Amino acid sequence: MDFVDYYKILGIDKSATSKEIKAAYRKMARKVHPDLNPNDKDAKRNFQQINEANEVLSDPEKRKKYDQYGKDWQHADEFEKQKQYQGQSAGSRGSRYSGEPSGGDFSDFFESMFGGSGGGRGRQAKYRGEDFNAELHLNLIEAYETHQQTLTVNGKKIRITIPAGIENGQIIKIPGHGGPGVNGGPNGDLYIEFSIANHPVFKRLGNNLYATVDLDIYKAVLGGELTVDTLDGQVKLKVKPETQNGSKVKLKGKGFPVYKKEGQFGDLLLTFNIKVPTNLTEKQKELFTELSKS
Amino acid sequence: MQREYLIAVEEFCACHDIEISFVNSLQQTGLIETTTIEGGWYIDAGQLQQLEKYIRFYYELDINLEGIESITHLLQRVNAMQEEITALKNRLRLYESDISNK
């Protein structure tokens, strides 16, 4: 357990007055508050740090103890056995964030020195529980079909249904599966961000899929039938005579399912990659030469 | 609007230990919508999360109503940009995987 320098966290001097501490806390809180930094994964941790620093430094008794023992905080309990630091906050309003009164998730250092979470405001207000964030990795095939998955979030197993067509980077909310509320407040929510890995054959853009199919030169010139893979199985495709390299064909409804719209699918766009034959026999070379003269 | 999804403003304020006038001010600036039914003043449950965020801005961060309005507007823009970035990243993946295959 490391020593935590609360003065450094708030960016103030050891001789700071209570007014200066309050001002520094407000300034830092406005900067790092999770509500103001919705996409910053470190925001909550940073906010808890400054909240903890404020909890200690804005309370004269806690500050005195902190200043007195500082880095020797591990011996503080021997001297302070008789003292109980509960409910003695110096009127600091503390944080409402994450549904907990101030001191919700304080560091081990704080817990060890001050024996539990910070002093409250002496109120029994209800607080909504903390929102949880999780990331779920899927492959393209998994995202293609509606399926169920069991997740373990903070030790609890949650079974969720993932609708077909979910997008990479999409976030879904599972209400009530966040942290528990305080004093009878509602539970927080669970936000799951999906990360969908690239597929070696099919590329996805929105609801459309893109793929490249190899086509031999003879079929490209003369036309014919070709069997191609889709995520829905194999389909037979008619190839027009004189098909050019890089030309595209659209298979309607063979793309990706549209999110939460059952029965609706995007398209599959295939690009032909014409393969020129190699290792030609003498006879074949003669025929190509003849062709080139015609 | 179904009554079961409405929460009495008075009850909400008592729970959160805040002034009713604060909710009134938010409503007047258009940051939240409230409903009056048979003399009772209610807020839709769907707005609770947003309202709680405004409470944190006001009481925790000492941000006044004008500040809350500005922040809300900017956060909406940040979210819209974030969505655009995600869409662009997905689009970029299409080409990145093409390049890596070559």
# chains A, B, ... in the order shown; residues from 1 in each chain; ligands from 1

$ select_by_dssp --residues "chain B" --states "helix (DSSP H, G or I)" --output "NGL selection string"
:B and (3-5 or 9-16 or 20-28 or 45-60 or 65-101)

$ select_by_dssp --residues "segment 171-248 of chain A" --states "strand (DSSP E or B)" --output "PyMOL selection string"
chain A and resi 171-174+182+190-196+203-205+208-216+224-230+233-239+248

$ closest_residue --among "A:Asn273, A:Thr243, A:Gln284, A:Gln264" --to "Ala211 of chain A" --atoms "only C-alpha atoms"
A:Asn273

$ closest_residue --among "A:Gly184, A:Glu55, A:Ile172, A:Arg45" --to "chain B" --atoms "only C-alpha atoms"
A:Gly184

$ interface_residues --of "chain B" --to "chain A" --cutoff "6 Å" --atoms "only C-alpha atoms" --output "list of chain:residue names"
B:Cys15, B:His16, B:Leu61, B:Leu94

$ write_last_selection --atoms "N, CA and C atoms" --output "PDB file, in the first residue's frame"
ATOM      1  N   CYS B  15     -36.028  13.316  -1.677  1.00  0.00           N
ATOM      2  CA  CYS B  15     -35.067  12.193  -1.714  1.00  0.00           C
ATOM      3  C   CYS B  15     -33.643  12.678  -1.919  1.00  0.00           C
ATOM      4  N   HIS B  16     -33.500  13.670  -2.784  1.00  0.00           N
ATOM      5  CA  HIS B  16     -32.157  14.144  -3.119  1.00  0.00           C
ATOM      6  C   HIS B  16     -31.720  15.341  -2.289  1.00  0.00           C
ATOM      7  N   LEU B  61     -20.280  20.656  -8.246  1.00  0.00           N
ATOM      8  CA  LEU B  61     -19.252  21.407  -8.980  1.00  0.00           C
ATOM      9  C   LEU B  61     -19.498  22.905  -8.987  1.00  0.00           C
ATOM     10  N   LEU B  94     -12.604  -1.224 -43.111  1.00  0.00           N
ATOM     11  CA  LEU B  94     -12.863  -1.853 -44.411  1.00  0.00           C
ATOM     12  C   LEU B  94     -11.637  -1.754 -45.304  1.00  0.00           C
TER      13      LEU B  94
END

$ atom_distance --atom1 "atom CA of Ile71 of chain B" --atom2 "atom CA of Ile12 of chain A"
26.7 Å

$ closest_residue --among "A:Ile192, A:Ala220, A:Leu136, A:Val56" --to "Pro241 of chain A" --atoms "only C-alpha atoms"
A:Ala220
